[in-house]
Each structure stands twice: as C-alpha cells, then as structure tokens.
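Asks: One structure, pasted below without further comment.
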Amino acid sequence: MNFITLDYWDIGLASLTIAVNAGLSVAMRLGLGQRLIIAAVRMVVQLTLVGLVLKALFSVASPVFTGAAILIMILFAGREAMARQERRFRGWWSYGLGTGSMMAAGLIVLVFGLTTQISPDPWYDPRYAIPLMGMILGNTMNGVSIGLDRMISGMVERRVAIEARLCLGAEAREAFRPVVRAALRAAFIPTINGMSAAGIVSLPGMMTGQILAGADPVEAVKYQIIIMFLIAGGTGLGSFAAVTFAQRRLTDSRHRLRLDRLISS
Amino acid sequence: MLKIQDLKRLNDGPGLVPLLSAASLEVADGACISVTGESGAGKSVFLRAVADLDPAAGHVFLDGTERNHIPGPEWRRQVAYVPAESGWWEDMVGDHFNDPDSARSLATEFGLSDDVFKWPVQQLSTGERQRLSLIRALVQNPRVLLLDEPTSGLDQKTSENVEKVLHERLDEGASIVLVTHNADQRDRMASDHFVMAGGVLSRTGEAVS
C-alpha cells in the first residue's frame with residue numbers, strides 16, 4: 001500500500017498543537033495545562049507500547065497470545081464500565097456483570113465476523129482479530145455501562161413506584177419493566193445515532209484509516225459497514241445481557257426489590 | 001388469621017443495629033391491632049417485613065400457611081401493605097386501577113371527585129394520593145391490610161368515612177395492622193395495642209371496651 005511514513009520530527013511538530021492549548025490554558029488560568037500535558041504524555045506512551053505489542057503479536061500470530069491480548073482488553077473494558085457507574089452492585093457482581101456481558105457479546109460478534117465475513121487465514125489472525133475486538137469492545141462497553149447505570153439509578157429513583165406495584169401483587173418483572181425499557185433504550189441510542197450520522201457528520205475512524213493507508217474508498221466503506229453491523233450487534237447483545245442480569249440481581253425469588261445489593265461509589 | 005413469629009429484619013451489613021428484632025403477634029379474622037411508636041422506631045420496617053418486601057428471618061402464617069409456601073406476589077395481594085408514601089407509575093390516575101369502575105364507589109365514599117380517575121397523578125394532593133392508594137389496595141379484597149398512617153393527612157369527616165369502610169372490612173373478616181399516631185383512632189379501631197421502640201415490638205394491652 002502507498003502511504004506516507006512519518007518520522008519523529010513530524011510527531012514533534014504535531015505536538016505543537018498541544019503546546020498551544022497548554023499556553024492558552026495558562027493565559028486564561030483554566031488550570032488545565034498540567035492535566036493536558038499529562039494526558040498527552042500518557043497517550044504517547046500508551047500508543048507507543050500498543051504499537052510495539054501489536055507488532056510482536058502480529059509477528060508470532062499465535063492463537064494463545066492473541067486470546068490473552070483479547071482477554072486483557074475485556075478485563076480493562078470491564079473495569080472502565082464499572083468505574084463509570086455512580087451506584088453499583090456489592091462485591092464481585094459489579095465487576096462480573098458488566099465484564100461477563102461484554103465478554104459474551106464481544107466474543108460472539110467477533111468470532112462471527114472473523115469466521116464468516118472477513119475470513120482471514122488463520123481466522124484468529126491478530127492483525128484482524130485485535131483491531132476488530134477493539135472497535136466492538138469500545139462500543140459495547142459504552143452500551144453496557146450506560147444500560148447498567150440507567151438501570152440501577154432508575155431502580156433507586158423509582159423505588160416507591162416499583163414497590164407500590166409489588167405491594168399490589170405485581171411480579172418483579174412487571175414492576176421493573178418501565179426502568180428496564182428506559183435503560184435498554186439509553187444503551188441503544190449511541191449506536192443508532194452513530195449509524196445515522198456515519199458518513200454525513202462523521203467519517204468513521206477505521207474507514208478513514210484505511211483510506212489514509214491507500215485503500216480504495218469503496219473497499220474501505222465495505223469494511224466500515226460490516227464493522228458498524230458488528231458493533232451494533234455487540235452493543236445490543238451486551239446491553240441486553242447486562243440489563244437482564246442486573247434485573248435478576250435486583251430481585252429475588254420473593255419478587256422483592258433488592259436495593260440492599262447496591263452500594264454508592 | 002395472621003400469625004407472626006419471631007420476625008426480624010436480617011442485618012443489612014456487619015455492625016448494624018437490627019432494625020427489627022423478633023416480633024411476634026397474632027391478628028384474628030375481623031380484628032384490628034394498632035402499632036404506635038416514635039418516628040424511626042421501626043414501624044414501617046415491621047410492616048415491610050410482614051409484606052415480605054425486605055429479607056427477614058422468622059415466620060409469618062396466613063390461615064396456617066407459612067408465607068414461603070405462597071409466591072411473593074400472591075402473598076402481597078393477600079397481605080396488602082399501604083405505605084405512608086404512595087407510589088405512582090403511570091401518568092393518569094385511572095391507569096393505576098385494573099377496573100376503575102369497581103373503585104368508583106369507594107372514591108365517592110372517601111370524598112373524592114367523580115372524575116378523579118381521569119386526572120393526571122401530578123394534579124393530586126397528598127391526601128388524594130393517600131386515599132387513592134388505599135382504594136387501590138381495598139379493591140383487591142385482601143385478607144390482611146397493613147396500613148401506615150392511613151388518615152394522617154385527612155380532615156375529620158373524611159377520616160371517619162375511611163374508618164367506616166375499614167370497619168366494614170373487619171366485619172367481613174379481614175384483619176388490620178394499623179400504624180397510627182392518633183390515640184382516638186387507635187381506640188376506635190383496634191382491639192389490641194402494641195408499641196414499637198428501637199425495633200422492639202411489645203404489647204401494651206387490650207382496649208377497654
């Protein structure tokens with residue numbers, strides 16, 4: 001492919017934009033200068049390491065190392081999804097619920113995409129598996145964390161109304177339904193918006209990357225469409241699983257509302 | 001008959017004082033018992049535990065059947081808890097009733113407007129909400145009513161009407177556990193008096209009749 005290689009001098013030049021922002025922050029006393037620079041340094045270090053790790057992974061192309069890398073990505077996504085919640089389940093549930101949902105949804109969609117549509121040889125080729133999983137997981141994590149957050153905060157906010165229905169003999173599923181619906185809707189909306197805006201408001205990152213790397217735009221778009229479908233599938237499955245398990249965890253065999261299983265963070 | 005045996009709230013966490021410790025009592029068919037006590041003494045915790053809204057240890061029997069043999073929703077239909085703060089899940093009043101027509105006569109009796117079921121919930125006063133949430137429970141004809149301050153916000157006339165309907169239910173064989181701050185109402189309604197303090201329920205005596 002014909003793309004322009006960058007040298008370190010180019011990167012240094014681009015970093016001037018951060019320096020300008022930091023200067024603005026100092027001049028306007030925003031107090032963001034230091035944070036901006038730390039974030040920029042983190043970004044450079046993290047991405048450089050990822051570049052090195054990916055290079056090593058691609059050169060060995062081992063299913064074990066690829067699987068391990070994907071597992072680590074899932075575990076980090078789980079942590080991130082948990083950290084975004086204001087209230088969460090006590091104990092391992094808070095981590096396990098989000099992580100488990102993301103893992104199941106992400107892997108199903110990834111394996112489906114790799115084995116039937118993109119079909120690299122071998123199918124677990126890290127050059128395809130890892131970037132794909134990154135994109136699927138990033139979006140699934142958003143859906144899962146929004147869904148869980150809405151689910152849990154909705155239950156707390158609507159406790160009186162939910163318990164009023166339980167008191168009248170409603171089953172937990174029935175009493176929870178409005179909150180479950182709202183949580184699932186909130187989880188799906190970013191995906192729907194992303195698909196609606198794709199190509200008009202935003203040029204999706206992967207497609208842009210392929211075009212910069214010299215790919216034919218029409219071919220790049222085909223890839224992007226497949227990815228959008230996989231992302232939507234992953235987000236939908238993941239949010240559905242997370243909200244469903246949260247619903248079960250928020251009640252018990254006696255159809256009570258079990259807010260005592262939550263803590264505020 | 002409602003029979004409560006050593007009912008206590010399970011601790012919500014280590015080191016917490018029990019909110020309800022080993023309460024026992026019996027309410028015969030057609031009988032009303034009263035529970036008084038300061039705010040925060042555990043009266044609502046007790047009613048919630050009887051309604052099986054919180055995990056609790058001990059036993060509760062309705063007509064000899066332990067409640068664990070009855071599904072939770074069915075238990076709560078039979079042992080109806082009407083909390084002091086009413087909950088609403090739809091926009092319109094009528095949508096909270098399976099059959100608003102069956103509730104209409106009670107609404108009239110409780111001094112509510114005829115078209116109250118067509119109102120938005122937002123528009124209801126506290127007293128109207130309180131009466132409607134009681135009606136919601138009454139139309140299901142529960143065996144036991146667990147009432148938390150059912151007339152606290154109501155004027156005397158309306159309170160009397162509510163008490164009259166409750167007396168009718170007692171005559172039909174229902175049982176009532178009545179939490180009230182009103183000593184006159186306690187004496188008019190209840191045959192057996194209990195007091196709750198620090199999560200401990202104790203009997204203070206029978207009514208002089």
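Ligands are numbered from 1 in the order shown, chains are lettered A, B, ... in the order of the structure tokens, and residues start at 1 in each chain.
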Just need the residues of chain B within 12 Å of chain A, counting only C-alpha atoms, so spit them out as number ranges by chain.

Replies: B: 10-13, 47-56, 67-91, 96-98, 133-142, 145-147

Asks: Save out the residues we just selected, C-alpha atoms, as a PDB file, in the first residue's frame.

Replies:
```pdb
ATOM      1  CA  LEU B  10     -31.813  -9.545  58.562  1.00  0.00           C
ATOM      2  CA  ASN B  11     -28.864  -7.263  59.116  1.00  0.00           C
ATOM      3  CA  ASP B  12     -28.074  -5.222  56.058  1.00  0.00           C
ATOM      4  CA  GLY B  13     -24.412  -5.151  56.894  1.00  0.00           C
ATOM      5  CA  LEU B  47     -44.914  -3.599  58.071  1.00  0.00           C
ATOM      6  CA  ARG B  48     -42.450  -4.038  55.187  1.00  0.00           C
ATOM      7  CA  ALA B  49     -41.175  -7.244  56.752  1.00  0.00           C
ATOM      8  CA  VAL B  50     -44.716  -8.595  57.131  1.00  0.00           C
ATOM      9  CA  ALA B  51     -45.448  -7.713  53.493  1.00  0.00           C
ATOM     10  CA  ASP B  52     -42.225  -9.554  52.552  1.00  0.00           C
ATOM     11  CA  LEU B  53     -40.657  -6.518  50.914  1.00  0.00           C
ATOM     12  CA  ASP B  54     -37.338  -6.988  52.723  1.00  0.00           C
ATOM     13  CA  PRO B  55     -35.469 -10.164  53.560  1.00  0.00           C
ATOM     14  CA  ALA B  56     -36.399 -11.220  57.081  1.00  0.00           C
ATOM     15  CA  ARG B  67     -45.741 -17.474  53.572  1.00  0.00           C
ATOM     16  CA  ASN B  68     -42.781 -19.196  51.924  1.00  0.00           C
ATOM     17  CA  HIS B  69     -45.277 -21.676  50.527  1.00  0.00           C
ATOM     18  CA  ILE B  70     -47.081 -18.825  48.772  1.00  0.00           C
ATOM     19  CA  PRO B  71     -45.435 -16.909  45.876  1.00  0.00           C
ATOM     20  CA  GLY B  72     -44.363 -13.380  46.856  1.00  0.00           C
ATOM     21  CA  PRO B  73     -46.821 -11.522  44.589  1.00  0.00           C
ATOM     22  CA  GLU B  74     -49.745 -13.654  45.771  1.00  0.00           C
ATOM     23  CA  TRP B  75     -48.708 -13.080  49.394  1.00  0.00           C
ATOM     24  CA  ARG B  76     -48.697  -9.321  48.895  1.00  0.00           C
ATOM     25  CA  ARG B  77     -52.101  -9.411  47.223  1.00  0.00           C
ATOM     26  CA  GLN B  78     -53.458 -11.182  50.312  1.00  0.00           C
ATOM     27  CA  VAL B  79     -51.461  -9.189  52.869  1.00  0.00           C
ATOM     28  CA  ALA B  80     -51.722  -5.720  51.411  1.00  0.00           C
ATOM     29  CA  TYR B  81     -49.302  -3.082  52.634  1.00  0.00           C
ATOM     30  CA  VAL B  82     -50.356   0.525  52.064  1.00  0.00           C
ATOM     31  CA  PRO B  83     -47.273   2.653  52.808  1.00  0.00           C
ATOM     32  CA  ALA B  84     -47.466   6.211  54.074  1.00  0.00           C
ATOM     33  CA  GLU B  85     -45.856   7.432  50.874  1.00  0.00           C
ATOM     34  CA  SER B  86     -47.843   6.319  47.853  1.00  0.00           C
ATOM     35  CA  GLY B  87     -46.192   5.333  44.584  1.00  0.00           C
ATOM     36  CA  TRP B  88     -47.412   6.008  41.034  1.00  0.00           C
ATOM     37  CA  TRP B  89     -46.072   4.516  37.839  1.00  0.00           C
ATOM     38  CA  GLU B  90     -48.374   5.891  35.131  1.00  0.00           C
ATOM     39  CA  ASP B  91     -49.322   9.451  34.254  1.00  0.00           C
ATOM     40  CA  HIS B  96     -53.321   2.506  38.217  1.00  0.00           C
ATOM     41  CA  PHE B  97     -56.565   0.577  38.553  1.00  0.00           C
ATOM     42  CA  ASN B  98     -57.412  -2.630  36.724  1.00  0.00           C
ATOM     43  CA  SER B 133     -53.603   4.274  47.238  1.00  0.00           C
ATOM     44  CA  LEU B 134     -55.796   2.838  49.989  1.00  0.00           C
ATOM     45  CA  ILE B 135     -58.604   2.274  47.483  1.00  0.00           C
ATOM     46  CA  ARG B 136     -56.141   0.561  45.141  1.00  0.00           C
ATOM     47  CA  ALA B 137     -55.447  -1.984  47.878  1.00  0.00           C
ATOM     48  CA  LEU B 138     -59.074  -2.311  49.052  1.00  0.00           C
ATOM     49  CA  VAL B 139     -60.468  -3.206  45.620  1.00  0.00           C
ATOM     50  CA  GLN B 140     -58.305  -6.330  45.623  1.00  0.00           C
ATOM     51  CA  ASN B 141     -60.120  -7.535  48.757  1.00  0.00           C
ATOM     52  CA  PRO B 142     -57.013  -8.572  50.696  1.00  0.00           C
ATOM     53  CA  LEU B 145     -54.409  -4.787  55.497  1.00  0.00           C
ATOM     54  CA  LEU B 146     -51.135  -3.295  56.731  1.00  0.00           C
ATOM     55  CA  LEU B 147     -51.906   0.396  56.993  1.00  0.00           C
TER      56      LEU B 147
END
```

Asks: Among chain B, which residues does DSSP mark as alpha helix (DSSP H) when it is run on the backbone? Keep the chain and numbering as in the structure and answer as a ChimeraX atom specification.

Replies: /B:43-50,72-78,100-109,126-138,156-171,183-189

Asks: Per residue of stretch 8-115 of chain B within 7 Å of stretch 152-162 of chain B, what are the shortest atom pair and its distance in Å to one decimal, counting only C-alpha atoms, with rows by chain and residue number, as a Markdown table?

Replies:
```
| residue | atom | partner | partner_atom | distance |
| --- | --- | --- | --- | --- |
| B:Glu109 | CA | B:Asn161 | CA | 6.7 |
| B:Phe110 | CA | B:Thr158 | CA | 6.0 |
| B:Gly111 | CA | B:Thr158 | CA | 6.5 |
```

Asks: Using DSSP assignments from the backbone, pull out every residue in chain B that falls under strand (DSSP E or B) and give it to me as a ChimeraX atom specification.

Replies: /B:2-9,21,23-27,32-36,56-62,65-66,79-82,92,120,144-148,175-179,192-197,200-206

Asks: Go ahead and write the selection's residues with C-alpha atoms as a PDB file, in the first residue's frame.

Replies:
```
ATOM      1  CA  LEU B   2     -52.342 -13.608  60.532  1.00  0.00           C
ATOM      2  CA  LYS B   3     -49.688 -15.069  62.799  1.00  0.00           C
ATOM      3  CA  ILE B   4     -46.238 -13.550  63.105  1.00  0.00           C
ATOM      4  CA  GLN B   5     -43.481 -15.492  64.835  1.00  0.00           C
ATOM      5  CA  ASP B   6     -40.046 -14.074  65.720  1.00  0.00           C
ATOM      6  CA  LEU B   7     -39.996 -11.857  62.672  1.00  0.00           C
ATOM      7  CA  LYS B   8     -36.750  -9.950  62.423  1.00  0.00           C
ATOM      8  CA  ARG B   9     -35.018  -7.986  59.781  1.00  0.00           C
ATOM      9  CA  SER B  21     -35.880  -7.772  66.431  1.00  0.00           C
ATOM     10  CA  ALA B  23     -41.547  -9.535  66.705  1.00  0.00           C
ATOM     11  CA  SER B  24     -44.415 -11.930  67.392  1.00  0.00           C
ATOM     12  CA  LEU B  25     -48.158 -11.345  67.345  1.00  0.00           C
ATOM     13  CA  GLU B  26     -51.453 -12.690  66.118  1.00  0.00           C
ATOM     14  CA  VAL B  27     -54.297 -10.903  64.444  1.00  0.00           C
ATOM     15  CA  CYS B  32     -57.523  -4.831  64.199  1.00  0.00           C
ATOM     16  CA  ILE B  33     -54.311  -4.300  66.150  1.00  0.00           C
ATOM     17  CA  SER B  34     -52.552  -0.962  66.479  1.00  0.00           C
ATOM     18  CA  VAL B  35     -48.843  -0.203  66.457  1.00  0.00           C
ATOM     19  CA  THR B  36     -47.657   3.120  67.800  1.00  0.00           C
ATOM     20  CA  ALA B  56     -36.399 -11.220  57.081  1.00  0.00           C
ATOM     21  CA  ALA B  57     -35.978 -14.165  59.407  1.00  0.00           C
ATOM     22  CA  GLY B  58     -38.835 -15.767  61.314  1.00  0.00           C
ATOM     23  CA  HIS B  59     -42.219 -16.986  60.204  1.00  0.00           C
ATOM     24  CA  VAL B  60     -45.438 -15.411  59.063  1.00  0.00           C
ATOM     25  CA  PHE B  61     -48.558 -17.513  58.587  1.00  0.00           C
ATOM     26  CA  LEU B  62     -51.805 -16.631  56.898  1.00  0.00           C
ATOM     27  CA  THR B  65     -49.957 -21.434  55.734  1.00  0.00           C
ATOM     28  CA  GLU B  66     -46.354 -20.281  56.023  1.00  0.00           C
ATOM     29  CA  VAL B  79     -51.461  -9.189  52.869  1.00  0.00           C
ATOM     30  CA  ALA B  80     -51.722  -5.720  51.411  1.00  0.00           C
ATOM     31  CA  TYR B  81     -49.302  -3.082  52.634  1.00  0.00           C
ATOM     32  CA  VAL B  82     -50.356   0.525  52.064  1.00  0.00           C
ATOM     33  CA  MET B  92     -53.071   9.096  34.709  1.00  0.00           C
ATOM     34  CA  PRO B 120     -53.177  13.211  35.890  1.00  0.00           C
ATOM     35  CA  VAL B 144     -54.979  -8.535  55.746  1.00  0.00           C
ATOM     36  CA  LEU B 145     -54.409  -4.787  55.497  1.00  0.00           C
ATOM     37  CA  LEU B 146     -51.135  -3.295  56.731  1.00  0.00           C
ATOM     38  CA  LEU B 147     -51.906   0.396  56.993  1.00  0.00           C
ATOM     39  CA  ASP B 148     -49.257   3.039  57.677  1.00  0.00           C
ATOM     40  CA  SER B 175     -57.591  -8.333  59.616  1.00  0.00           C
ATOM     41  CA  ILE B 176     -55.862  -4.975  60.002  1.00  0.00           C
ATOM     42  CA  VAL B 177     -52.482  -3.931  61.361  1.00  0.00           C
ATOM     43  CA  LEU B 178     -52.817  -0.200  61.882  1.00  0.00           C
ATOM     44  CA  VAL B 179     -49.884   2.132  62.442  1.00  0.00           C
ATOM     45  CA  ASP B 192     -55.101  -4.924  70.817  1.00  0.00           C
ATOM     46  CA  HIS B 193     -52.322  -2.362  71.196  1.00  0.00           C
ATOM     47  CA  PHE B 194     -48.607  -2.659  70.518  1.00  0.00           C
ATOM     48  CA  VAL B 195     -45.785  -0.183  70.742  1.00  0.00           C
ATOM     49  CA  MET B 196     -42.566  -0.180  68.721  1.00  0.00           C
ATOM     50  CA  ALA B 197     -39.381   1.246  70.201  1.00  0.00           C
ATOM     51  CA  VAL B 200     -38.646  -3.987  69.575  1.00  0.00           C
ATOM     52  CA  LEU B 201     -42.374  -4.614  69.418  1.00  0.00           C
ATOM     53  CA  SER B 202     -44.190  -5.004  72.714  1.00  0.00           C
ATOM     54  CA  ARG B 203     -47.803  -5.389  73.682  1.00  0.00           C
ATOM     55  CA  THR B 204     -49.211  -2.554  75.762  1.00  0.00           C
ATOM     56  CA  GLY B 205     -52.596  -4.022  76.438  1.00  0.00           C
ATOM     57  CA  GLU B 206     -56.061  -4.674  75.229  1.00  0.00           C
TER      58      GLU B 206
END
```

Asks: To one decimal place, how far is atom CA of A:Phe58 from atom CA of A:Pro122 in Å?

Replies: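 These two atoms are separated by 12.1 Å.
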
Asks: Rounded to one decimal in Å, what is the spacing between atom CA of B:Asp184 and atom CA of B:Lys164?

Replies: 14.3 Å

Asks: Quick one: pull the distance between atom CA of A:Pro217 and atom CA of A:Leu203, Å, one decimal.

Replies: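 For atom CA of A:Pro217 relative to atom CA of A:Leu203, the distance reads 11.5 Å.
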
Asks: Would you mind listing what lies within 12 Å of A:Ile72 as a list in words, with only C-alpha atoms counted and same-chain residues fewer than 3 positions away left out?

Replies: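 Counting only C-alpha atoms, the residues come to Phe65, Thr66, Gly67, Ala68, Ala69, Leu75, Phe76, Ala77, Gly78, Arg79, Thr99, Met103, Ile130, Met133, Gly134 and Leu137 of chain A.
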
Asks: Show which residues sit within 12 Å of A:Phe3, as a PyMOL selection string. Count only C-alpha atoms, and ignore same-chain residues fewer than 6 positions away.

Replies: chain A and resi 209-215

Asks: For those residues, write C-alpha atoms to a file as a CSV table (one decimal), in the first residue's frame.

Replies:
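Generated output (result-v1.csv):
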```csv
chain,number,residue,atom,x,y,z
A,209,GLY,CA,-7.5,5.0,8.4
A,210,GLN,CA,-7.8,2.6,5.5
A,211,ILE,CA,-8.2,5.5,3.1
A,212,LEU,CA,-5.1,7.1,4.5
A,213,ALA,CA,-3.3,3.8,4.1
A,214,GLY,CA,-4.1,3.9,0.5
A,215,ALA,CA,-7.1,1.6,0.3
```

Asks: Could you list, as a PyMOL selection string, every residue within 12 Å of stretch 106-119 of chain A, counting only C-alpha atoms and ignoring same-chain residues fewer than 6 positions away?

Replies: chain A and resi 67+70-71+73-74+77-78+98-100+125-141+143-144+222-239+241

Asks: List the neighbours of stretch 18-24 of chain A out to 9 Å using only C-alpha atoms; skip same-chain residues closer than 5 positions along the sequence, and give me the result as a ChimeraX atom specification.

Replies: /A:29-30,32-34,36-37,40
